[in-house]
Amino acid sequence: MSKRTKFKLLILAAVLCFSVSLFAGCVGELHVNDFLNQNNALNQQVTYYSNGGYFDGTNNIVEKNVYYHVNDIVITNFDAIQGKSIRREDFVFAGWYYAELTDKLDEEGNPELDADGNHILVPVFEDEEKKIVKSTTRRLEDNLKIQQNTHLYVCAHWEKDVELQFVLVSDGPVTLKSGERVNPGEVIASKRFVSGSASVGTAAPAESTDFTFLQCYSNPECTIPAPYSVSKPSGEDAQARATVYAKYIEGVWTVVRNKSDVGRMFFNIYTDTKFYILNDIDCSNERFNPQPRTSSSNCYIEGNGKTLSNLKFEYPVGTGIDAGGTYSIFGTFGENAEIKNLVMDNVTVSYTTRVNVNGLYFFCAGDNGAKFENFTLRNVSMEVDSANTVPNIQLIDGVYQSGSWLFGNVSTDAEYTKTGTGKLVIEGKKLIVQGVVVVDEPATGAQ
């Protein structure tokens, strides 16, 4: 509806109220009908039926008449007009439909008449749980213009207001950023939707200060991931509910859900961020080139028993490999660094350098206290293309000094040791220098 039409309706309504109060009961003065006739608004009328709802924030007005000028656009969105609205508890308004009228019958089944002897007409409603009145299939068109001597009867169309509930699954009470505490099994968040489906998504339904959201599931055991969206449930309840289960884990984590997240993890591996691997992730067709580092970091990866497969790390010329440096994917593991419950399968690191460096490794050294627990490397390869000095894999007297390319600061990879509990398992490793396979060994373990 145009602003001009809205303004005219507001003015008209105000004048009507003023006219009724001023002229009602005054003999010889201008009556409301006369006023409407003079303003070309008597015979252009729309009667709105609430069909179970109420108008204007009340709990008793179920019918509303609005008078229009010729060529005014009929109101289809009451909330766009000040002072006009329609509501129904547990339902959402979904538009106006043309109404079918019938005689109003008295207790004996006879048509009721008004004071002028005319039949009183009322809209035919189906059961209140139905969407629209009987035999009604045509929706009131947007931008419909009122015509001369027109009286339209329309009925509200309602949709069930469906609530999607997110039920908390966690090992303890979760504190929300609002300060509210939610216990396992309680609803941590909800959203409403009218029809079709509602998005579950991957974002946290509620942010927490002490727990991290992992994923939504279809069952309370959290074994069946919920779909990205859920459909409106079947049933006859006026207010239906759909339920998914939102799993949270204690602590502040960055959750790794897909191969894009894997790339972000390795770009930020040198921070103190804690990473949680949610799924088995195939990184085929991805090429990661995080900044090669030698500095110490306290990276913390909880692998959750998952596998990261087909990882390819590439460090071509010009990607941060400077003369005299020592480089690897992870840098040096700090004393608080941990990698747990993780498998990395089919992993290749490729270095291309035209400067002398102190060492190129898969891992640099680890400080006392760094821990590997149930960490398995399968089919690990490192490829080096360099005509310059790389001491840990340098060709000396026809022999490549390649014993410690997998781990830095040791004479051979098998001598790599650490403190703490757990185990690092290496199942197959291979070094390729300028296209020549230098090391192709069976499984070697370090404990």
# chains A, B, ... in the order shown; residues from 1 in each chain; ligands from 1

$ select_by_dssp --residues "range 202-364 of chain A" --states "alpha helix (DSSP H)" --output "count of residues only"
9

$ atom_distance --atom1 "CA of Cys299 in chain A" --atom2 "CA of Ala337 in chain A"
5.0 Å

$ residues_around --residues "Val167 in chain A" --least-positions-apart "2" --cutoff "10 Å" --atoms "only C-alpha atoms" --output "number ranges by chain"
A: 164-165, 169-170, 182-190, 205, 216-217, 220, 243-247

$ closest_residue --among "A:Asn341, A:Ser260, A:Asn289, A:Asn298" --to "Tyr276 in chain A" --atoms "only C-alpha atoms"
A:Asn341

$ residues_around --residues "Tyr54 in chain A" --least-positions-apart "3" --cutoff "8 Å" --atoms "only C-alpha atoms" --output "list in words"
Ser50, Gly57, Thr58, Asn59, Asn60, Ile61, Val62, Glu63, Ile86, Arg87 and Arg88 of chain A
